[in-house]
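Source file coords_1.cif; content: mmCIF, C-alpha atoms.
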```cif
data_protein
loop_
_atom_site.label_atom_id
_atom_site.label_comp_id
_atom_site.auth_asym_id
_atom_site.auth_seq_id
_atom_site.Cartn_x
_atom_site.Cartn_y
_atom_site.Cartn_z
CA MET O 8 33.01 4.85 50.26
CA THR O 9 35.16 1.96 48.93
CA VAL O 10 34.34 -0.50 46.15
CA THR O 11 33.90 -3.20 48.81
CA ASP O 12 31.33 -1.03 50.61
CA VAL O 13 29.38 -0.52 47.37
CA PHE O 14 29.56 -4.27 46.64
CA PHE O 15 28.10 -5.15 50.06
CA ASP O 16 25.43 -2.43 49.76
CA ILE O 17 24.32 -3.86 46.40
CA LEU O 18 24.37 -7.40 47.84
CA ALA O 19 22.31 -6.28 50.85
CA ALA O 20 19.72 -4.53 48.64
CA LEU O 21 19.49 -7.58 46.36
CA ALA O 22 19.17 -10.03 49.27
CA THR O 23 16.62 -7.99 51.26
CA SER O 24 14.39 -7.28 48.27
CA THR O 25 14.61 -10.92 47.05
CA LEU O 26 13.48 -12.14 50.48
CA ALA O 27 10.74 -9.49 50.59
CA GLY O 28 9.64 -10.47 47.06
CA MET O 29 9.35 -14.09 48.24
CA GLY O 30 7.16 -12.95 51.11
CA VAL O 31 9.80 -14.17 53.57
CA GLY O 32 10.48 -10.87 55.26
CA GLY O 33 9.09 -7.40 55.60
CA GLY O 34 10.51 -4.11 54.49
CA GLY O 35 12.50 -3.62 57.69
CA LEU O 36 15.39 -5.79 56.49
CA LEU O 37 17.25 -2.86 54.99
CA VAL O 38 16.97 -0.94 58.28
CA ILE O 39 18.64 -3.87 60.10
CA TYR O 40 21.55 -3.80 57.61
CA LEU O 41 21.89 -0.01 57.72
CA VAL O 42 21.82 0.24 61.53
CA LEU O 43 23.68 -2.92 62.59
CA VAL O 44 26.23 -3.22 59.74
CA LYS O 45 26.61 0.33 58.37
CA ASN O 46 26.15 2.01 61.78
CA MET O 47 23.71 4.52 60.29
CA GLU O 48 21.52 6.49 62.71
CA GLN O 49 18.04 5.01 63.22
CA LEU O 50 15.94 7.82 61.63
CA PRO O 51 18.00 8.23 58.40
CA ALA O 52 17.96 4.41 58.07
CA GLN O 53 14.16 4.44 58.36
CA GLY O 54 13.92 7.34 55.89
CA LEU O 55 16.10 5.54 53.35
CA ASN O 56 14.07 2.36 53.86
CA LEU O 57 10.83 4.28 53.14
CA LEU O 58 12.21 5.63 49.87
CA PHE O 59 13.63 2.19 48.94
CA PHE O 60 10.20 0.62 49.59
CA ILE O 61 8.36 3.28 47.56
CA CYS O 62 10.59 2.71 44.51
CA CYS O 63 10.32 -1.11 44.71
CA ALA O 64 6.57 -1.20 45.54
CA ALA O 65 5.60 1.19 42.73
CA VAL O 66 6.43 -1.49 40.14
CA SER O 67 4.45 -4.13 42.03
CA VAL O 68 1.42 -1.81 42.49
CA ALA O 69 1.39 -0.94 38.77
CA ILE O 70 1.24 -4.68 37.93
CA ASN O 71 -1.48 -5.27 40.53
CA ILE O 72 -3.62 -2.38 39.22
CA LYS O 73 -3.34 -3.87 35.73
CA ASN O 74 -4.41 -7.27 37.16
CA LYS O 75 -7.38 -5.58 38.94
CA ARG O 76 -6.25 -6.73 42.41
CA ILE O 77 -6.54 -3.27 44.01
CA HIS O 78 -10.03 -2.51 45.32
CA LEU O 79 -10.84 1.15 45.86
CA ARG O 80 -13.23 1.00 48.83
CA PRO O 81 -11.06 -0.90 51.39
CA MET O 82 -8.10 1.08 50.07
CA LEU O 83 -9.83 4.37 51.01
CA GLU O 84 -11.16 3.03 54.33
CA ILE O 85 -7.61 2.14 55.42
CA CYS O 86 -5.65 4.88 53.67
CA VAL O 87 -7.53 7.95 54.96
CA PRO O 88 -6.86 7.27 58.68
CA GLY O 89 -3.56 5.61 57.70
CA VAL O 90 -2.23 8.78 56.10
CA ALA O 91 -3.33 10.96 59.06
CA PHE O 92 -1.66 8.65 61.58
CA ALA O 93 1.45 8.23 59.39
CA VAL O 94 1.86 12.03 59.65
CA LEU O 95 1.42 11.78 63.43
CA GLY O 96 3.90 8.86 63.68
CA SER O 97 6.52 10.65 61.54
CA PHE O 98 6.07 13.81 63.59
CA ILE O 99 6.52 11.97 66.90
CA ALA O 100 9.54 10.05 65.51
CA ARG O 101 11.28 13.36 64.68
CA GLY O 102 11.04 14.54 68.28
CA CYS O 103 11.70 11.17 69.89
CA ASP O 104 14.96 9.80 71.28
CA PRO O 105 16.45 7.53 68.53
CA GLY O 106 17.29 4.94 71.22
CA ILE O 107 13.59 4.58 72.06
CA ILE O 108 12.67 4.23 68.37
CA ARG O 109 15.42 1.60 67.93
CA ARG O 110 14.07 -0.41 70.87
CA CYS O 111 10.50 -0.17 69.51
CA PHE O 112 11.86 -1.33 66.14
CA GLY O 113 13.63 -4.23 67.89
CA ALA O 114 10.37 -5.18 69.62
CA LEU O 115 8.55 -5.09 66.26
CA LEU O 116 11.20 -7.43 64.80
CA ILE O 117 10.82 -9.89 67.68
CA VAL O 118 7.00 -9.88 67.35
CA SER O 119 7.24 -10.32 63.58
CA GLY O 120 9.85 -13.12 63.97
CA VAL O 121 7.73 -15.00 66.52
CA ALA O 122 4.62 -14.54 64.32
CA GLY O 123 6.65 -15.89 61.37
CA LEU O 124 7.72 -18.99 63.34
CA ILE O 125 4.16 -19.64 64.57
CA GLY O 126 2.76 -19.08 61.06
CA THR O 127 5.07 -21.60 59.38
CA GLU O 128 4.43 -24.14 62.19
CA GLY O 129 0.66 -23.77 61.67
CA LYS O 130 1.07 -24.38 57.94
CA ARG O 131 3.19 -27.48 58.60
CA LYS O 132 0.55 -28.94 60.95
CA SER O 133 -2.35 -28.17 58.61
CA ARG O 134 -0.59 -29.74 55.62
CA PRO O 135 -1.92 -33.29 55.01
CA SER O 136 0.71 -36.03 55.18
CA ALA O 137 1.39 -38.61 52.44
CA ARG O 138 -0.50 -41.24 54.50
CA ASP O 139 -3.75 -39.15 54.59
CA MET X 11 -33.86 -6.44 62.26
CA SER X 12 -34.31 -6.67 58.46
CA SER X 13 -31.57 -8.09 56.25
CA GLY X 14 -30.98 -4.59 54.83
CA GLU X 15 -30.38 -3.19 58.32
CA LYS X 16 -28.11 -6.13 59.18
CA SER X 17 -26.10 -5.54 56.02
CA ALA X 18 -25.80 -1.79 56.75
CA LYS X 19 -24.65 -2.53 60.33
CA LYS X 20 -22.10 -5.06 59.06
CA GLY X 21 -20.80 -2.52 56.53
CA LEU X 22 -20.45 0.13 59.24
CA LEU X 23 -18.59 -2.25 61.58
CA LYS X 24 -16.30 -3.29 58.73
CA GLY X 25 -15.57 0.36 57.92
CA ILE X 26 -14.78 1.15 61.58
CA PHE X 27 -12.56 -1.95 61.86
CA LEU X 28 -10.63 -1.05 58.70
CA GLY X 29 -10.34 2.59 59.85
CA VAL X 30 -8.82 1.57 63.20
CA ALA X 31 -6.47 -0.88 61.43
CA GLY X 32 -5.48 1.88 58.99
CA ALA X 33 -4.75 4.29 61.84
CA LEU X 34 -2.57 1.72 63.61
CA SER X 35 -0.67 0.68 60.48
CA GLY X 36 -0.17 4.33 59.46
CA PHE X 37 1.22 5.22 62.88
CA VAL X 38 3.62 2.25 62.91
CA ASN X 39 4.74 3.09 59.35
CA GLY X 40 5.35 6.75 60.23
CA PHE X 41 7.03 6.06 63.56
CA LEU X 42 9.25 3.11 62.55
CA GLY X 43 9.54 3.65 58.78
CA THR X 44 8.29 0.08 58.25
CA GLY X 45 5.99 -2.51 59.85
CA GLY X 46 2.64 -1.06 58.74
CA GLY X 47 2.28 -3.87 56.21
CA ILE X 48 2.30 -6.51 58.97
CA VAL X 49 -0.63 -4.74 60.66
CA THR X 50 -2.53 -4.23 57.38
CA VAL X 51 -2.20 -7.77 56.06
CA PHE X 52 -3.24 -9.17 59.45
CA ALA X 53 -6.23 -6.78 59.65
CA LEU X 54 -7.35 -7.59 56.09
CA GLY X 55 -7.16 -11.31 56.95
CA LEU X 56 -9.36 -10.78 60.05
CA CYS X 57 -11.72 -8.59 58.04
CA ASP X 58 -12.06 -11.30 55.42
CA LYS X 59 -12.74 -13.88 58.16
CA PHE X 60 -15.41 -11.88 60.00
CA PHE X 61 -17.00 -9.75 57.26
CA GLY X 62 -16.13 -11.65 54.06
CA SER X 63 -18.96 -12.49 51.71
CA PRO X 64 -19.55 -16.15 50.77
CA GLY X 65 -19.31 -17.03 47.11
CA GLY X 66 -16.31 -14.77 46.46
CA PRO X 67 -12.96 -15.84 45.01
CA GLY X 68 -11.07 -18.80 46.53
CA GLU X 69 -8.70 -18.52 49.51
CA SER X 70 -5.59 -18.49 47.33
CA GLU X 71 -6.95 -15.60 45.23
CA ARG X 72 -8.07 -13.70 48.34
CA THR X 73 -4.59 -14.07 49.86
CA ARG X 74 -3.02 -12.66 46.69
CA ASP X 75 -5.52 -9.78 46.74
CA ARG X 76 -4.75 -9.04 50.41
CA PHE X 77 -1.00 -8.83 49.71
CA ALA X 78 -1.59 -6.66 46.61
CA GLN X 79 -3.91 -4.38 48.59
CA THR X 80 -1.40 -4.13 51.45
CA VAL X 81 1.47 -3.10 49.14
CA ALA X 82 -0.74 -0.39 47.57
CA ILE X 83 -1.83 0.95 50.98
CA MET X 84 1.75 0.96 52.25
CA LEU X 85 2.88 2.78 49.11
CA VAL X 86 0.51 5.66 49.92
CA THR X 87 1.30 5.86 53.66
CA SER X 88 5.05 5.43 53.04
CA ALA X 89 4.97 8.31 50.52
CA VAL X 90 3.38 10.59 53.15
CA SER X 91 5.80 9.41 55.85
CA ALA X 92 8.75 9.93 53.46
CA VAL X 93 7.71 13.56 52.86
CA PHE X 94 7.89 14.19 56.62
CA TYR X 95 11.18 12.30 57.00
CA GLY X 96 12.59 14.29 54.08
CA ALA X 97 11.39 17.60 55.53
CA GLY X 98 13.18 16.72 58.76
CA GLY X 99 16.42 15.98 56.86
CA ASN X 100 16.18 12.28 57.66
CA ILE X 101 16.52 10.83 54.15
CA PRO X 102 20.11 10.38 52.89
CA PHE X 103 19.20 10.77 49.18
CA ARG X 104 22.83 10.29 48.06
CA GLU X 105 22.78 6.72 49.42
CA LEU X 106 19.64 5.69 47.50
CA PRO X 107 20.96 4.94 43.94
CA VAL X 108 23.28 2.15 45.09
CA TYR X 109 20.31 0.31 46.68
CA LEU X 110 17.66 1.09 44.08
CA LEU X 111 18.48 -1.04 41.00
CA PRO X 112 19.44 -4.17 42.96
CA GLY X 113 16.30 -3.60 45.06
CA ILE X 114 14.01 -3.63 42.02
CA ALA X 115 15.87 -6.61 40.50
CA GLY X 116 15.67 -8.50 43.82
CA GLY X 117 11.91 -7.90 44.08
CA ALA X 118 11.41 -9.46 40.63
CA LEU X 119 13.84 -12.31 41.46
CA GLY X 120 11.96 -13.05 44.71
CA ALA X 121 8.60 -13.16 42.90
CA PHE X 122 10.15 -15.59 40.36
CA LEU X 123 11.76 -17.83 43.04
CA LEU X 124 8.45 -17.95 44.93
CA GLN X 125 6.96 -19.97 42.06
CA LYS X 126 9.93 -22.39 42.08
CA ILE X 127 10.71 -23.22 45.71
CA ASN X 128 8.84 -23.75 48.98
CA PRO X 129 10.07 -21.01 51.28
CA VAL X 130 8.85 -22.55 54.59
CA TRP X 131 12.33 -23.45 55.91
CA LEU X 132 13.72 -20.19 54.60
CA LYS X 133 10.94 -18.40 56.51
CA ARG X 134 11.85 -20.25 59.72
CA ILE X 135 15.57 -19.44 59.44
CA PHE X 136 14.70 -15.87 58.58
CA ALA X 137 12.26 -15.56 61.53
CA ALA X 138 15.02 -16.75 63.91
CA LEU X 139 17.47 -14.21 62.40
CA VAL X 140 14.88 -11.43 62.73
CA ILE X 141 14.36 -12.27 66.42
CA TYR X 142 18.15 -12.19 66.92
CA ALA X 143 18.35 -8.81 65.10
CA GLY X 144 15.48 -7.49 67.26
CA VAL X 145 17.27 -8.46 70.48
CA THR X 146 20.51 -6.89 69.14
CA MET X 147 18.62 -3.67 68.28
CA ILE X 148 17.17 -3.46 71.79
CA ARG X 149 20.55 -4.12 73.45
CA LYS X 150 22.59 -1.84 71.14
#
```
Please render this file's structure as structure tokens.
Amino acid sequence: MTVTDVFFDILAALATSTLAGMGVGGGGLLVIYLVLVKNMEQLPAQGLNLLFFICCAAVSVAINIKNKRIHLRPMLEICVPGVAFAVLGSFIARGCDPGIIRRCFGALLIVSGVAGLIGTEGKRKSRPSARD
Amino acid sequence: MSSGEKSAKKGLLKGIFLGVAGALSGFVNGFLGTGGGIVTVFALGLCDKFFGSPGGPGESERTRDRFAQTVAIMLVTSAVSAVFYGAGGNIPFRELPVYLLPGIAGGALGAFLLQKINPVWLKRIFAALVIYAGVTMIRK
């Protein structure tokens, strides 16, 4: 790994987490960089992204617990089945062709991009103009 | 039907709805290593719309709570997914340190910039780039 590689890795991590912190993009940004720029295999890229997210989100969750924004009941109602199906999803991913996972990931990106475009358009239309 | 029965039925439906949303977001998170947050934040928004109680905090506060709740839920499901990815040898631990510190700094920088600028155009450009990346991923 060269100094240039490290520089671009740091830049990518800074850019993706800044955008995620602004609510502009989801956590999949790092996977895009790792797969399309670094040519990393799909599953290790997803694994690294999970660990990256855990480290970054832990700080945010600690602040939100302190600010009493985390409510236990909905957390449990979502987390219990969420954890069971996360195990199932991880298990299936391990036995699945990486090409299929990459295409599913691509489809998720397209859906999330289209939803992002529609969402910002809706906000623009609902915003009152200066003449109102 | 008495108001107590109506309230119990509403609570049950809400629990089932959140359970199904949790299952879907957990599966997406485990299978793709990301994306569960999109499902969760959308489901919490719908839940608030259909089952929300009047007289609660304002929309802006509820939106903040939904995002905070989503990050916490994703932290738990991502930790479980990461254990399975790690057990399968699919986490390159040696690569992590180079991304970690800039990642934490970027998260704080993003939260700071969010108070200063309107990210609508940034979101549009980003959405177009994400669609392009999605097509590239499918065609790769």
Evaluate the PyMOL selection byres ((chain O) within 6 of (chain X)) and record the selected residues as a PyMOL selection string, following the chain and residue labels used in the document. chain O and resi 17+20-21+24-25+28-29+31+35+50-51+53-55+57+61+63+68+76-77+84-85+88-90+92-93+96-97+100+110+113+116-117+120+123-124
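Taking CA of Ile99 in chain O as the reference point, CA of Cys111 in chain O is found at 13.0 Å.
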Axis-aligned box over every listed atom of range 23-30 of chain O, padded by 4 Å per side: centre and edges in Å to one decimal, as JSON?
```
{"center_x": 11.9, "center_y": -10.7, "center_z": 49.2, "size_x": 17.5, "size_y": 14.8, "size_z": 12.2}
```
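CA of Phe59 in chain O is found 21.6 Å from CA of Ala91 in chain O.
Counting from CA of Cys103 in chain O, the distance to CA of Leu41 in chain O is 19.4 Å.
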From X:Lys126, X:Gly21, X:Thr73, X:Gly14, residue lying nearest Phe61 in chain X [all atoms listed in the file]: X:Gly21
Could you add whatever atoms are missing so that range 90-115 of chain X carries N, CA, C and O atoms, then write the result as a tab-separated table (two decimals), keeping the file's coordinate frame?
```tsv
chain	number	residue	atom	x	y	z
X	90	VAL	N	3.66	9.48	52.22
X	90	VAL	CA	3.38	10.59	53.15
X	90	VAL	C	4.44	10.64	54.24
X	90	VAL	O	4.98	11.71	54.56
X	91	SER	N	4.77	9.46	54.81
X	91	SER	CA	5.80	9.41	55.85
X	91	SER	C	7.14	9.93	55.31
X	91	SER	O	7.84	10.69	55.99
X	92	ALA	N	7.46	9.53	54.06
X	92	ALA	CA	8.75	9.93	53.46
X	92	ALA	C	8.84	11.44	53.31
X	92	ALA	O	9.92	12.03	53.50
X	93	VAL	N	7.71	12.09	52.99
X	93	VAL	CA	7.71	13.56	52.86
X	93	VAL	C	8.13	14.18	54.20
X	93	VAL	O	8.98	15.08	54.26
X	94	PHE	N	7.56	13.65	55.30
X	94	PHE	CA	7.89	14.19	56.62
X	94	PHE	C	9.32	13.86	57.03
X	94	PHE	O	10.00	14.67	57.63
X	95	TYR	N	9.79	12.67	56.70
X	95	TYR	CA	11.18	12.30	57.00
X	95	TYR	C	12.12	13.21	56.20
X	95	TYR	O	13.13	13.68	56.73
X	96	GLY	N	11.77	13.43	54.93
X	96	GLY	CA	12.59	14.29	54.08
X	96	GLY	C	12.63	15.72	54.59
X	96	GLY	O	13.70	16.34	54.64
X	97	ALA	N	11.46	16.23	55.01
X	97	ALA	CA	11.39	17.60	55.53
X	97	ALA	C	12.24	17.76	56.79
X	97	ALA	O	12.78	18.83	57.05
X	98	GLY	N	12.37	16.67	57.55
X	98	GLY	CA	13.18	16.72	58.76
X	98	GLY	C	14.65	16.41	58.50
X	98	GLY	O	15.44	16.30	59.43
X	99	GLY	N	15.02	16.26	57.23
X	99	GLY	CA	16.42	15.98	56.86
X	99	GLY	C	16.84	14.56	57.20
X	99	GLY	O	18.03	14.28	57.39
X	100	ASN	N	15.86	13.65	57.26
X	100	ASN	CA	16.18	12.28	57.66
X	100	ASN	C	16.17	11.27	56.50
X	100	ASN	O	15.99	10.08	56.74
X	101	ILE	N	16.35	11.77	55.27
X	101	ILE	CA	16.52	10.83	54.15
X	101	ILE	C	17.86	11.11	53.46
X	101	ILE	O	18.03	12.17	52.86
X	102	PRO	N	18.82	10.19	53.58
X	102	PRO	CA	20.11	10.38	52.89
X	102	PRO	C	19.97	10.03	51.39
X	102	PRO	O	20.27	8.91	50.99
X	103	PHE	N	19.50	11.01	50.60
X	103	PHE	CA	19.20	10.77	49.18
X	103	PHE	C	20.41	10.24	48.41
X	103	PHE	O	20.27	9.47	47.47
X	104	ARG	N	21.61	10.69	48.80
X	104	ARG	CA	22.83	10.29	48.06
X	104	ARG	C	23.07	8.79	48.14
X	104	ARG	O	23.71	8.19	47.30
X	105	GLU	N	22.57	8.16	49.22
X	105	GLU	CA	22.78	6.72	49.42
X	105	GLU	C	21.83	5.87	48.58
X	105	GLU	O	22.07	4.67	48.39
X	106	LEU	N	20.72	6.48	48.12
X	106	LEU	CA	19.64	5.69	47.50
X	106	LEU	C	20.05	4.95	46.21
X	106	LEU	O	19.75	3.76	46.09
X	107	PRO	N	20.72	5.61	45.23
X	107	PRO	CA	20.96	4.94	43.94
X	107	PRO	C	21.62	3.57	44.05
X	107	PRO	O	21.26	2.66	43.31
X	108	VAL	N	22.55	3.42	44.98
X	108	VAL	CA	23.28	2.15	45.09
X	108	VAL	C	22.34	1.00	45.51
X	108	VAL	O	22.57	-0.16	45.19
X	109	TYR	N	21.25	1.35	46.22
X	109	TYR	CA	20.31	0.31	46.68
X	109	TYR	C	19.17	0.08	45.69
X	109	TYR	O	18.53	-0.97	45.70
X	110	LEU	N	18.90	1.09	44.86
X	110	LEU	CA	17.66	1.09	44.08
X	110	LEU	C	17.57	-0.01	43.01
X	110	LEU	O	16.65	-0.82	43.03
X	111	LEU	N	18.55	-0.05	42.09
X	111	LEU	CA	18.48	-1.04	41.00
X	111	LEU	C	18.52	-2.48	41.51
X	111	LEU	O	17.68	-3.29	41.12
X	112	PRO	N	19.48	-2.81	42.43
X	112	PRO	CA	19.44	-4.17	42.96
X	112	PRO	C	18.15	-4.47	43.72
X	112	PRO	O	17.68	-5.61	43.72
X	113	GLY	N	17.56	-3.42	44.33
X	113	GLY	CA	16.30	-3.60	45.06
X	113	GLY	C	15.17	-4.01	44.12
X	113	GLY	O	14.42	-4.94	44.41
X	114	ILE	N	15.07	-3.32	43.00
X	114	ILE	CA	14.01	-3.63	42.02
X	114	ILE	C	14.25	-5.02	41.42
X	114	ILE	O	13.33	-5.83	41.31
X	115	ALA	N	15.53	-5.30	41.08
X	115	ALA	CA	15.87	-6.61	40.50
X	115	ALA	C	15.57	-7.73	41.50
X	115	ALA	O	15.03	-8.78	41.14
```
